[in-house]
Each structure stands twice: as C-alpha cells, then as structure tokens.
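Q: What follows is run-v3.csv, CSV, C-alpha atoms (C1' of nucleotides).
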```csv
chain,number,residue,atom,x,y,z
G,1,MET,CA,8.4,4.4,-14.5
G,2,HIS,CA,6.3,2.3,-12.2
G,3,ASP,CA,9.0,1.3,-9.9
G,4,PRO,CA,12.3,3.0,-10.0
G,5,ARG,CA,13.8,0.4,-7.7
G,6,MET,CA,13.7,-2.2,-10.5
G,7,ALA,CA,15.6,0.1,-12.9
G,8,ASP,CA,18.1,0.8,-10.1
G,9,ARG,CA,18.7,-2.9,-9.6
G,10,LEU,CA,19.4,-3.4,-13.3
G,11,ARG,CA,21.7,-0.4,-13.4
G,12,HIS,CA,23.5,-1.6,-10.3
G,13,ALA,CA,24.0,-5.0,-11.9
G,14,GLY,CA,25.6,-3.3,-14.9
G,15,GLU,CA,22.6,-4.0,-17.1
G,16,ARG,CA,20.9,-1.7,-19.6
G,17,VAL,CA,17.6,-0.2,-18.7
G,18,THR,CA,15.4,-0.6,-21.8
G,19,PRO,CA,11.7,0.1,-22.3
G,20,GLN,CA,11.1,-3.7,-22.8
G,21,ARG,CA,12.8,-4.6,-19.6
G,22,VAL,CA,11.0,-1.9,-17.7
G,23,ARG,CA,7.7,-3.2,-19.1
G,24,VAL,CA,8.4,-6.8,-18.2
G,25,ALA,CA,9.6,-5.9,-14.7
G,26,ALA,CA,6.5,-3.8,-14.1
G,27,ALA,CA,4.2,-6.5,-15.3
G,28,LEU,CA,6.0,-9.1,-13.1
G,29,GLU,CA,5.6,-6.9,-10.1
G,30,ALA,CA,2.0,-6.1,-10.9
G,31,ALA,CA,1.1,-9.8,-11.1
G,32,ARG,CA,2.0,-10.3,-7.4
G,33,ARG,CA,2.0,-14.0,-7.9
G,34,GLN,CA,4.1,-16.6,-9.7
G,35,VAL,CA,3.8,-16.3,-13.5
G,36,THR,CA,5.4,-18.0,-16.4
G,37,ALA,CA,7.3,-16.3,-19.2
G,38,GLN,CA,4.7,-17.3,-21.6
G,39,GLU,CA,1.8,-15.8,-19.5
G,40,LEU,CA,3.7,-12.6,-19.2
G,41,TRP,CA,4.4,-12.4,-22.9
G,42,GLU,CA,0.8,-13.0,-23.8
G,43,SER,CA,-0.5,-10.4,-21.4
G,44,LEU,CA,2.1,-7.8,-22.6
G,45,ARG,CA,1.5,-8.4,-26.2
G,46,GLY,CA,-1.9,-6.8,-25.9
G,47,SER,CA,-0.4,-3.4,-25.1
G,48,ASP,CA,2.8,-3.9,-27.1
G,49,PRO,CA,2.4,-6.3,-30.1
G,50,SER,CA,6.0,-5.8,-31.1
G,51,LEU,CA,7.5,-7.2,-27.9
G,52,GLY,CA,9.4,-10.4,-28.7
G,53,ARG,CA,8.9,-13.7,-27.0
G,54,ALA,CA,12.6,-14.3,-26.6
G,55,THR,CA,13.0,-10.8,-25.0
G,56,VAL,CA,10.6,-11.8,-22.2
G,57,PHE,CA,12.5,-15.0,-21.5
G,58,ARG,CA,15.8,-13.1,-21.6
G,59,THR,CA,14.6,-10.3,-19.5
G,60,LEU,CA,13.3,-12.6,-16.8
G,61,GLU,CA,16.6,-14.3,-16.6
G,62,THR,CA,18.3,-10.9,-16.4
G,63,LEU,CA,16.0,-9.9,-13.6
G,64,VAL,CA,16.8,-13.1,-11.7
G,65,ALA,CA,20.5,-12.5,-12.2
G,66,ALA,CA,20.1,-8.9,-10.9
G,67,GLY,CA,18.3,-10.2,-7.9
G,68,ALA,CA,15.0,-8.5,-8.8
G,69,ALA,CA,13.1,-11.7,-9.4
G,70,ARG,CA,13.2,-15.4,-8.5
G,71,ARG,CA,12.8,-18.4,-10.7
G,72,LEU,CA,10.9,-21.5,-9.4
G,73,GLU,CA,10.2,-24.8,-11.0
G,74,GLN,CA,6.6,-25.5,-11.6
G,75,ASP,CA,5.0,-28.8,-12.3
G,76,GLY,CA,5.1,-29.7,-16.0
G,77,HIS,CA,8.6,-28.3,-16.6
G,78,VAL,CA,7.7,-24.7,-16.6
G,79,TYR,CA,9.6,-22.0,-14.9
G,80,GLY,CA,7.5,-19.7,-12.7
G,81,TYR,CA,8.8,-16.2,-12.0
G,82,ILE,CA,8.0,-14.0,-9.1
G,83,ALA,CA,9.2,-10.5,-8.3
G,84,CYS,CA,11.6,-10.0,-5.4
G,85,ARG,CA,10.7,-12.6,-2.8
G,86,PRO,CA,10.9,-16.3,-3.2
G,87,GLU,CA,7.6,-18.0,-2.5
G,88,HIS,CA,7.6,-21.6,-1.7
G,89,HIS,CA,4.7,-23.8,-2.5
G,90,HIS,CA,3.7,-26.3,0.1
G,91,HIS,CA,0.4,-28.0,0.0
G,92,LEU,CA,-2.0,-29.8,2.3
G,93,SER,CA,-4.2,-31.9,0.1
G,94,CYS,CA,-7.5,-33.6,1.1
G,95,VAL,CA,-7.9,-37.0,-0.6
G,96,GLY,CA,-11.6,-36.9,0.3
G,97,CYS,CA,-12.9,-33.7,-1.3
G,98,GLY,CA,-9.8,-32.6,-3.3
G,99,ARG,CA,-9.4,-29.3,-1.3
G,100,VAL,CA,-5.9,-28.0,-1.2
G,101,GLU,CA,-4.6,-25.6,1.3
G,102,GLU,CA,-1.3,-23.8,1.4
G,103,ILE,CA,1.2,-24.5,4.2
G,104,ASP,CA,3.1,-21.5,5.5
G,105,GLU,CA,6.8,-21.4,4.8
G,106,ALA,CA,7.3,-20.9,8.5
G,107,PHE,CA,6.5,-24.5,9.1
G,108,VAL,CA,9.2,-25.7,6.8
G,109,ALA,CA,12.1,-23.3,7.4
G,110,PRO,CA,13.1,-24.8,10.8
G,111,VAL,CA,13.2,-28.2,9.3
G,112,ALA,CA,15.4,-27.0,6.5
G,113,GLU,CA,17.7,-25.4,8.9
G,114,ARG,CA,18.1,-28.5,11.0
G,115,VAL,CA,18.6,-30.7,7.9
G,116,GLU,CA,21.2,-28.2,6.6
G,117,ALA,CA,23.1,-28.4,9.9
G,118,LYS,CA,23.0,-32.1,10.0
G,119,SER,CA,23.9,-32.8,6.4
G,120,GLY,CA,26.1,-30.0,5.3
G,121,PHE,CA,23.8,-29.3,2.4
G,122,LYS,CA,23.1,-25.7,1.3
G,123,ILE,CA,19.3,-25.8,0.6
G,124,ASP,CA,17.8,-23.6,-2.1
G,125,ASP,CA,14.3,-24.9,-2.5
G,126,ALA,CA,11.9,-27.1,-0.7
G,127,ARG,CA,8.7,-29.0,-1.5
G,128,LEU,CA,6.4,-30.3,1.1
G,129,ASP,CA,3.1,-32.0,0.4
G,130,PHE,CA,0.8,-33.5,3.0
G,131,TYR,CA,-2.0,-35.8,2.1
G,132,GLY,CA,-4.9,-36.6,4.3
G,133,ARG,CA,-8.5,-35.6,5.1
G,134,CYS,CA,-9.7,-32.2,5.9
G,135,ALA,CA,-11.8,-31.5,9.1
G,136,ARG,CA,-15.0,-31.6,7.1
G,137,CYS,CA,-14.3,-35.0,5.5
G,138,VAL,CA,-13.2,-36.4,8.9
G,139,ALA,CA,-16.4,-35.3,10.4
G,140,ALA,CA,-18.4,-36.6,7.5
G,141,ALA,CA,-16.7,-40.0,7.8
G,142,ALA,CA,-17.4,-40.2,11.5
G,143,SER,CA,-21.1,-39.5,11.3
Y,1,MET,CA,16.0,-61.1,-11.6
Y,2,HIS,CA,18.2,-58.7,-9.6
Y,3,ASP,CA,15.6,-57.6,-7.1
Y,4,PRO,CA,12.5,-59.7,-6.7
Y,5,ARG,CA,11.0,-57.0,-4.5
Y,6,MET,CA,10.6,-54.7,-7.5
Y,7,ALA,CA,8.6,-57.3,-9.3
Y,8,ASP,CA,6.5,-57.9,-6.2
Y,9,ARG,CA,5.7,-54.2,-6.0
Y,10,LEU,CA,4.6,-54.1,-9.6
Y,11,ARG,CA,2.5,-57.1,-9.2
Y,12,HIS,CA,1.0,-55.8,-6.0
Y,13,ALA,CA,0.1,-52.6,-7.8
Y,14,GLY,CA,-1.7,-54.6,-10.5
Y,15,GLU,CA,1.0,-53.9,-13.0
Y,16,ARG,CA,2.5,-56.4,-15.4
Y,17,VAL,CA,6.0,-57.6,-14.9
Y,18,THR,CA,7.7,-57.4,-18.3
Y,19,PRO,CA,11.4,-57.8,-19.1
Y,20,GLN,CA,11.6,-54.2,-20.1
Y,21,ARG,CA,10.3,-53.0,-16.7
Y,22,VAL,CA,12.6,-55.3,-14.8
Y,23,ARG,CA,15.6,-54.0,-16.8
Y,24,VAL,CA,14.6,-50.4,-16.2
Y,25,ALA,CA,14.0,-51.0,-12.5
Y,26,ALA,CA,17.3,-52.8,-12.1
Y,27,ALA,CA,19.2,-50.0,-13.8
Y,28,LEU,CA,17.5,-47.4,-11.7
Y,29,GLU,CA,18.4,-49.3,-8.5
Y,30,ALA,CA,21.9,-49.9,-9.7
Y,31,ALA,CA,22.5,-46.2,-10.3
Y,32,ARG,CA,22.1,-45.4,-6.6
Y,33,ARG,CA,21.6,-41.8,-7.5
Y,34,GLN,CA,19.2,-39.5,-9.3
Y,35,VAL,CA,19.0,-40.2,-13.0
Y,36,THR,CA,16.9,-38.9,-15.8
Y,37,ALA,CA,14.8,-41.0,-18.1
Y,38,GLN,CA,17.0,-40.0,-21.0
Y,39,GLU,CA,20.2,-41.1,-19.2
Y,40,LEU,CA,18.7,-44.4,-18.3
Y,41,TRP,CA,17.5,-45.0,-21.8
Y,42,GLU,CA,20.9,-44.2,-23.3
Y,43,SER,CA,22.7,-46.5,-20.8
Y,44,LEU,CA,20.3,-49.3,-21.4
Y,45,ARG,CA,20.4,-49.1,-25.1
Y,46,GLY,CA,23.9,-50.5,-25.0
Y,47,SER,CA,22.8,-53.8,-23.8
Y,48,ASP,CA,19.3,-53.7,-25.4
Y,49,PRO,CA,19.1,-51.6,-28.6
Y,50,SER,CA,15.5,-52.5,-29.1
Y,51,LEU,CA,14.4,-50.8,-25.9
Y,52,GLY,CA,12.1,-47.9,-26.8
Y,53,ARG,CA,12.5,-44.5,-25.4
Y,54,ALA,CA,8.8,-44.1,-24.5
Y,55,THR,CA,9.0,-47.4,-22.7
Y,56,VAL,CA,11.6,-46.0,-20.3
Y,57,PHE,CA,9.5,-42.9,-19.7
Y,58,ARG,CA,6.4,-44.9,-19.1
Y,59,THR,CA,8.1,-47.5,-16.9
Y,60,LEU,CA,9.5,-44.8,-14.7
Y,61,GLU,CA,6.1,-43.3,-14.2
Y,62,THR,CA,4.7,-46.8,-13.5
Y,63,LEU,CA,7.4,-47.4,-10.9
Y,64,VAL,CA,6.6,-44.1,-9.2
Y,65,ALA,CA,2.9,-45.0,-9.1
Y,66,ALA,CA,3.8,-48.4,-7.7
Y,67,GLY,CA,5.8,-46.7,-4.9
Y,68,ALA,CA,9.1,-48.2,-6.1
Y,69,ALA,CA,10.6,-44.9,-7.3
Y,70,ARG,CA,10.4,-41.2,-6.7
Y,71,ARG,CA,10.3,-38.4,-9.1
Y,72,LEU,CA,12.2,-35.2,-8.4
Y,73,GLU,CA,12.5,-31.9,-10.2
Y,74,GLN,CA,15.9,-31.1,-11.6
Y,75,ASP,CA,17.1,-27.8,-13.0
Y,76,GLY,CA,16.5,-27.4,-16.8
Y,77,HIS,CA,13.0,-28.9,-16.7
Y,78,VAL,CA,14.1,-32.4,-16.3
Y,79,TYR,CA,12.7,-35.1,-14.0
Y,80,GLY,CA,15.2,-37.0,-12.0
Y,81,TYR,CA,14.2,-40.5,-10.8
Y,82,ILE,CA,15.5,-42.5,-7.9
Y,83,ALA,CA,14.7,-45.9,-6.6
Y,84,CYS,CA,13.3,-45.8,-3.1
Y,85,ARG,CA,11.6,-47.8,-0.4
Y,86,PRO,CA,8.0,-46.9,-0.1
Y,87,GLU,CA,8.4,-45.9,3.5
Y,88,HIS,CA,11.0,-43.3,2.8
Y,89,HIS,CA,9.3,-40.3,1.2
Y,90,HIS,CA,11.8,-37.5,2.0
Y,91,HIS,CA,14.8,-36.6,0.0
Y,92,LEU,CA,17.7,-34.2,0.0
Y,93,SER,CA,18.8,-33.8,-3.5
Y,94,CYS,CA,22.0,-32.1,-4.7
Y,95,VAL,CA,21.5,-30.2,-7.9
Y,96,GLY,CA,25.3,-30.2,-8.5
Y,97,CYS,CA,26.2,-33.9,-8.5
Y,98,GLY,CA,22.8,-35.6,-8.3
Y,99,ARG,CA,23.5,-37.2,-5.0
Y,100,VAL,CA,20.3,-37.9,-3.0
Y,101,GLU,CA,20.2,-38.5,0.7
Y,102,GLU,CA,17.2,-39.6,2.7
Y,103,ILE,CA,15.7,-37.4,5.3
Y,104,ASP,CA,14.6,-39.1,8.5
Y,105,GLU,CA,10.9,-39.2,9.2
Y,106,ALA,CA,11.7,-37.7,12.6
Y,107,PHE,CA,12.3,-34.3,11.0
Y,108,VAL,CA,9.0,-34.3,9.3
Y,109,ALA,CA,6.7,-35.7,12.0
Y,110,PRO,CA,6.7,-32.6,14.3
Y,111,VAL,CA,5.8,-30.4,11.3
Y,112,ALA,CA,2.9,-32.7,10.4
Y,113,GLU,CA,1.6,-32.6,14.0
Y,114,ARG,CA,1.7,-28.8,14.0
Y,115,VAL,CA,0.0,-28.6,10.7
Y,116,GLU,CA,-2.7,-31.0,11.8
Y,117,ALA,CA,-3.3,-29.0,14.9
Y,118,LYS,CA,-3.6,-25.7,13.0
Y,119,SER,CA,-5.6,-26.9,10.0
Y,120,GLY,CA,-7.8,-29.7,11.4
Y,121,PHE,CA,-6.6,-32.1,8.7
Y,122,LYS,CA,-5.9,-35.7,9.5
Y,123,ILE,CA,-2.6,-36.3,7.7
Y,124,ASP,CA,-2.0,-39.8,6.3
Y,125,ASP,CA,1.1,-39.3,4.1
Y,126,ALA,CA,3.8,-36.7,3.7
Y,127,ARG,CA,6.3,-35.9,1.1
Y,128,LEU,CA,9.2,-33.6,1.6
Y,129,ASP,CA,12.0,-32.8,-0.9
Y,130,PHE,CA,14.8,-30.4,-0.4
Y,131,TYR,CA,16.9,-29.2,-3.3
Y,132,GLY,CA,20.3,-27.6,-2.9
Y,133,ARG,CA,24.0,-28.4,-3.0
Y,134,CYS,CA,25.9,-30.9,-0.9
Y,135,ALA,CA,28.9,-30.0,1.2
Y,136,ARG,CA,31.3,-31.3,-1.5
Y,137,CYS,CA,29.7,-29.3,-4.3
Y,138,VAL,CA,29.6,-26.1,-2.1
Y,139,ALA,CA,33.3,-26.5,-1.4
Y,140,ALA,CA,34.0,-27.1,-5.1
Y,141,ALA,CA,32.1,-24.0,-6.1
Y,142,ALA,CA,33.9,-21.9,-3.5
Y,143,SER,CA,37.4,-22.9,-4.7
D,1,DT,C1',-0.5,-76.8,-22.3
D,2,DT,C1',-3.2,-73.7,-25.1
D,3,DC,C1',-6.4,-69.9,-25.5
D,4,DT,C1',-7.7,-65.2,-24.9
D,5,DC,C1',-7.6,-60.5,-24.2
D,6,DA,C1',-6.2,-56.6,-21.6
D,7,DT,C1',-2.3,-54.2,-21.6
D,8,DC,C1',2.5,-53.4,-22.8
D,9,DT,C1',6.0,-52.2,-26.4
D,10,DG,C1',8.4,-49.7,-30.0
D,11,DA,C1',8.3,-46.3,-33.7
D,12,DT,C1',7.0,-42.1,-34.8
D,13,DA,C1',4.7,-37.8,-34.7
D,14,DC,C1',3.6,-34.2,-32.0
D,15,DT,C1',3.4,-30.6,-28.0
D,16,DG,C1',5.1,-26.9,-25.5
D,17,DT,C1',9.0,-24.6,-23.2
D,18,DA,C1',13.2,-22.6,-23.7
D,19,DT,C1',17.4,-21.4,-26.3
D,20,DC,C1',20.1,-19.9,-30.3
D,21,DT,C1',21.2,-17.2,-34.4
D,22,DC,C1',21.6,-13.1,-36.7
D,23,DA,C1',20.4,-8.8,-38.9
D,24,DT,C1',18.9,-4.6,-37.0
D,25,DC,C1',18.4,-1.2,-33.5
D,26,DT,C1',19.5,1.6,-29.4
D,27,DA,C1',21.0,3.0,-24.4
D,28,DG,C1',24.4,5.3,-22.5
D,29,DA,C1',29.2,7.1,-22.6
D,30,DA,C1',32.2,10.4,-24.6
P,1,DT,C1',25.7,14.3,-31.6
P,2,DT,C1',28.4,10.2,-32.6
P,3,DC,C1',29.9,5.7,-31.5
P,4,DT,C1',29.6,0.9,-30.2
P,5,DA,C1',28.8,-2.8,-26.9
P,6,DG,C1',25.0,-4.9,-26.0
P,7,DA,C1',19.8,-5.5,-26.6
P,8,DT,C1',15.9,-6.6,-29.6
P,9,DG,C1',12.6,-9.3,-32.7
P,10,DA,C1',11.7,-13.0,-35.7
P,11,DG,C1',12.3,-17.3,-36.8
P,12,DA,C1',14.8,-21.6,-36.4
P,13,DT,C1',16.2,-25.0,-33.4
P,14,DA,C1',16.8,-28.2,-29.3
P,15,DC,C1',15.0,-31.1,-26.2
P,16,DA,C1',12.0,-33.4,-22.6
P,17,DG,C1',7.9,-35.5,-22.4
P,18,DT,C1',3.3,-37.2,-24.3
P,19,DA,C1',0.0,-39.3,-27.7
P,20,DT,C1',-1.1,-42.6,-31.0
P,21,DC,C1',-1.4,-47.0,-32.9
P,22,DA,C1',-0.4,-51.6,-34.9
P,23,DG,C1',1.6,-55.5,-33.3
P,24,DA,C1',3.5,-58.3,-29.4
P,25,DT,C1',3.0,-60.5,-24.9
P,26,DG,C1',2.0,-61.4,-19.8
P,27,DA,C1',-0.9,-63.9,-16.9
P,28,DG,C1',-5.1,-65.9,-15.7
P,29,DA,C1',-8.7,-69.2,-17.4
P,30,DA,C1',-9.9,-73.5,-19.4
```
I'd like the structure from this file rewritten - as structure tokens, please.

A:
Amino acid sequence: MHDPRMADRLRHAGERVTPQRVRVAAALEAARRQVTAQELWESLRGSDPSLGRATVFRTLETLVAAGAARRLEQDGHVYGYIACRPEHHHHLSCVGCGRVEEIDEAFVAPVAERVEAKSGFKIDDARLDFYGRCARCVAAAAS
Amino acid sequence: MHDPRMADRLRHAGERVTPQRVRVAAALEAARRQVTAQELWESLRGSDPSLGRATVFRTLETLVAAGAARRLEQDGHVYGYIACRPEHHHHLSCVGCGRVEEIDEAFVAPVAERVEAKSGFKIDDARLDFYGRCARCVAAAAS
DNA sequence: TTCTCATCTGATACTGTATCTCATCTAGAA
DNA sequence: TTCTAGATGAGATACAGTATCAGATGAGAA
C-alpha cells in the first residue's frame, strides 16, 4: 500500500478498505493537485479497466467524509477533489495580457476571520479575484 | 416598471430592454436573497406560462454581465443569483438558508493594497465571496 | 408612423456531471 | 472457513446548463 495512513483513516471512520478505494486514494494523493472524479477515473482506467465510474465518485465522497480528502467547487459545476488539505483558489488576473497569478491563502484568512467575528457566519470557503494590470503591462502603458 | 434603474443598466450595457428581462430582473430583486435560475423560472411561470426556461438562464447571465446581478456557486452544482448594486462586489453567502450579506469594501481594500505591493499589479476591481453558514443556521444545526 | 434588421425569445435537443438501482461480489468478523 | 453487511460495476436516470434555430420584436432610421 502506498500510504497506510489513508487506509487507517478509512478504518477509523468505520469504512471498509477495498482495493478500489486504496487505488483511488493513492491516485488522488499522487496527483498533488485538484482533480475531478472524471479525470481520476480516466487515468485509473488505464491500469484497471474494470474500475467502475460510480465507484470513483462514491469513493471520493467516502474519503471526504473520512477526512482524507476535501471537495471544492470548480467553475462549470464540477467538483474538484484534493487529498488532505484544502486549497483555496484566489486569482490575480491581468486584463492587459491575460496573465493569472495565484494569491496566497494567507492574504485571505485574516479577512475571513474578521468577517466571521463581525457577522457570526461560520465560513467554509472563500473566493477572491482581483482584476487589474500586471507590472509589465503598467510599464508598457506608461512608455 | 418596478425599478427603472435595472432597465437603465441594461440599456447602458447595450442590451435590449424586453418585457421578459424586466420581469426576471424584478423577480430577482424582489427575492432579496440568493435564488437559482430554475427557482426563478418556476415562480415566474405562474404569472407568465409562456416564459421560456432558456430565457431565464440567458437573462440572468445578461444581468450579471451588465453588473445588475452577481452569480454565486451553490452546493450541488447550482448557480445562485442575487441582485446587487454594481459598487458592491463582496458577498457572504449562507449555504444553509441562502441569505446573502454584503461585505464592506473596507475589509477588502487592505488586502488589495498588500497584494499590489507584493505583486506589482495595479488592481482595478476586486471580487470576494465567502461561503458558509449564518449564525442562525449554525445554531439550528447544533440543536 | 412605418421600415428594417440585429438581436431576443421559446421550444427542443443535447452535453456533461453526478446519482440511483440492482444483481453480484467481497472484506472482515466470528 | 463461513457468513453477511456493505461495496462494486454497469447501466439507467436526474438535472443544471448550453446550443440551435425559426419566428418575433425592440429600437433607431427615415
């Protein structure tokens, strides 16, 4: 088994440890990025053509419930899954050249905390997008 | 017309002002909460059975593009829409009851400044959306 | 007012993600 | 090893949203 911790988490949550679940969990961890159930199924089908599509969807939900994965909304009504740690997506988008940079979660967390304190909301997810011009485009416009 | 401002926004964005669009915009404003295109269509069908489903979906996108509404992600791969003033781009959305509160620009401005300083971007516009549960829904879930 | 045409509407078909059903299989306990 | 609650695989189904297209219409021009 690639990562015995994943199996432990499932067992601890009272879930069965099946070869399919182990394979899905291993593939999710190996991805090291946000992936969709569909992507995961397609990549796993290569090595295991008998793996069912529904099984991948179900297993991902099981992993989320067991605390071994996190589900995020992606644009286009797709769920993205990522192993272990939530990864928020905040963007800094240049309207000049189209370049997009990621904004670190550290910038957003303090705002979320203050908003929680003021509003009484319990915040689960955040989306922050900035639009403007990158340094290069600003310089180009000035010249 | 319930709210002439909505028509002005459409006109200003170079969009036609049709009876259907006026009806959809009025219903969205009257809701005063986050609603889905489907919900809006079903409620409007009562008074106007000829109103097409696709028209509601298209109109909501048009309103978003014109700055008269905002699109938010809801759980279950559904887009929620809410009428808003163009100058308010930040929302705090309850996934439990659909209530949406506006977040003051003052929370976001400092983040924008720090991001500008770090990245060299010149930021023109910002959009921040938080998703979670309001105090009432948190209390209801705990009981 | 009437004309004109770009664009909007409504109906329908289609896309793609996710869920449900059910016969079969199996992990894990005894 | 046997037993059984729960998992699997295949296919059907549900549902939000989009694409298409013929016909209708808003809004500016004449």

Q: With chain Y as the partner and 7 Å as the cut-off, tabulate the residues of chain G that qualify, each row holding the nearest pair of atoms and their distance in Å to one decimal, using only C-alpha atoms, sorted by chain and rising number, as CSV.

A:
```
residue,atom,partner,partner_atom,distance
G:His77,CA,Y:His77,CA,4.4
G:Val78,CA,Y:His77,CA,6.8
G:Phe107,CA,Y:Val111,CA,6.3
G:Val111,CA,Y:Phe107,CA,6.4
G:Gly120,CA,Y:Ala135,CA,5.0
G:Phe121,CA,Y:Cys134,CA,4.2
G:Lys122,CA,Y:Arg133,CA,5.2
G:Ile123,CA,Y:Gly132,CA,4.1
G:Asp124,CA,Y:Gly132,CA,4.8
G:Asp125,CA,Y:Tyr131,CA,5.1
G:Ala126,CA,Y:Phe130,CA,4.4
G:Arg127,CA,Y:Asp129,CA,5.1
G:Leu128,CA,Y:Leu128,CA,4.4
G:Asp129,CA,Y:Arg127,CA,5.1
G:Phe130,CA,Y:Ala126,CA,4.4
G:Tyr131,CA,Y:Asp125,CA,5.1
G:Gly132,CA,Y:Ile123,CA,4.1
G:Arg133,CA,Y:Lys122,CA,5.1
G:Cys134,CA,Y:Phe121,CA,4.2
G:Ala135,CA,Y:Gly120,CA,5.0
```

Q: Return the Cα root-mean-square deviation, in Å, for chain G superposed on chain Y by least squares with the Cα atoms paired in order.

A: 6.2 Å

Q: May I have the residues of chain G within 12 Å of chain D, counting all atoms listed in the file, written as a count of residues only?

A: 25

Q: Have a look at G:Leu51, G:Ala13, G:Ala139, G:Leu40 and name the one nearest to chain P; count only C-alpha atoms (C1' of nucleotides).

A: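 Among G:Leu51, G:Ala13, G:Ala139, G:Leu40, it is G:Leu51 that comes nearest to chain P.
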
Q: What are the nearest atom pairs, with distances in Å to one decimal, for all residues of chain P that come at most 12 Å from chain G, using only C-alpha atoms (C1' of nucleotides), set out by chain and rising residue number as a Markdown table?

A:
```
| residue | atom | partner | partner_atom | distance |
| --- | --- | --- | --- | --- |
| P:DA5 | C1' | G:Arg16 | CA | 10.8 |
| P:DG6 | C1' | G:Arg16 | CA | 8.2 |
| P:DA7 | C1' | G:Arg16 | CA | 8.0 |
| P:DT8 | C1' | G:Thr55 | CA | 6.9 |
| P:DG9 | C1' | G:Gly52 | CA | 5.2 |
| P:DA10 | C1' | G:Gly52 | CA | 7.8 |
| P:DG11 | C1' | G:Ala54 | CA | 10.6 |
| P:DC15 | C1' | G:His77 | CA | 11.9 |
| P:DA16 | C1' | G:His77 | CA | 8.6 |
| P:DG17 | C1' | G:Gly76 | CA | 9.1 |
| P:DT18 | C1' | G:Gly76 | CA | 11.3 |
```

Q: For those residues, write C-alpha atoms (C1' of nucleotides) to a file as a compact mmCIF listing (two decimals), in the frame of the given file.

A:
```txt
# COMPACT_ATOMS: atom_id res chain seq x y z
C1' DA P 5 28.80 -2.80 -26.90
C1' DG P 6 25.00 -4.90 -26.00
C1' DA P 7 19.80 -5.50 -26.60
C1' DT P 8 15.90 -6.60 -29.60
C1' DG P 9 12.60 -9.30 -32.70
C1' DA P 10 11.70 -13.00 -35.70
C1' DG P 11 12.30 -17.30 -36.80
C1' DC P 15 15.00 -31.10 -26.20
C1' DA P 16 12.00 -33.40 -22.60
C1' DG P 17 7.90 -35.50 -22.40
C1' DT P 18 3.30 -37.20 -24.30
```
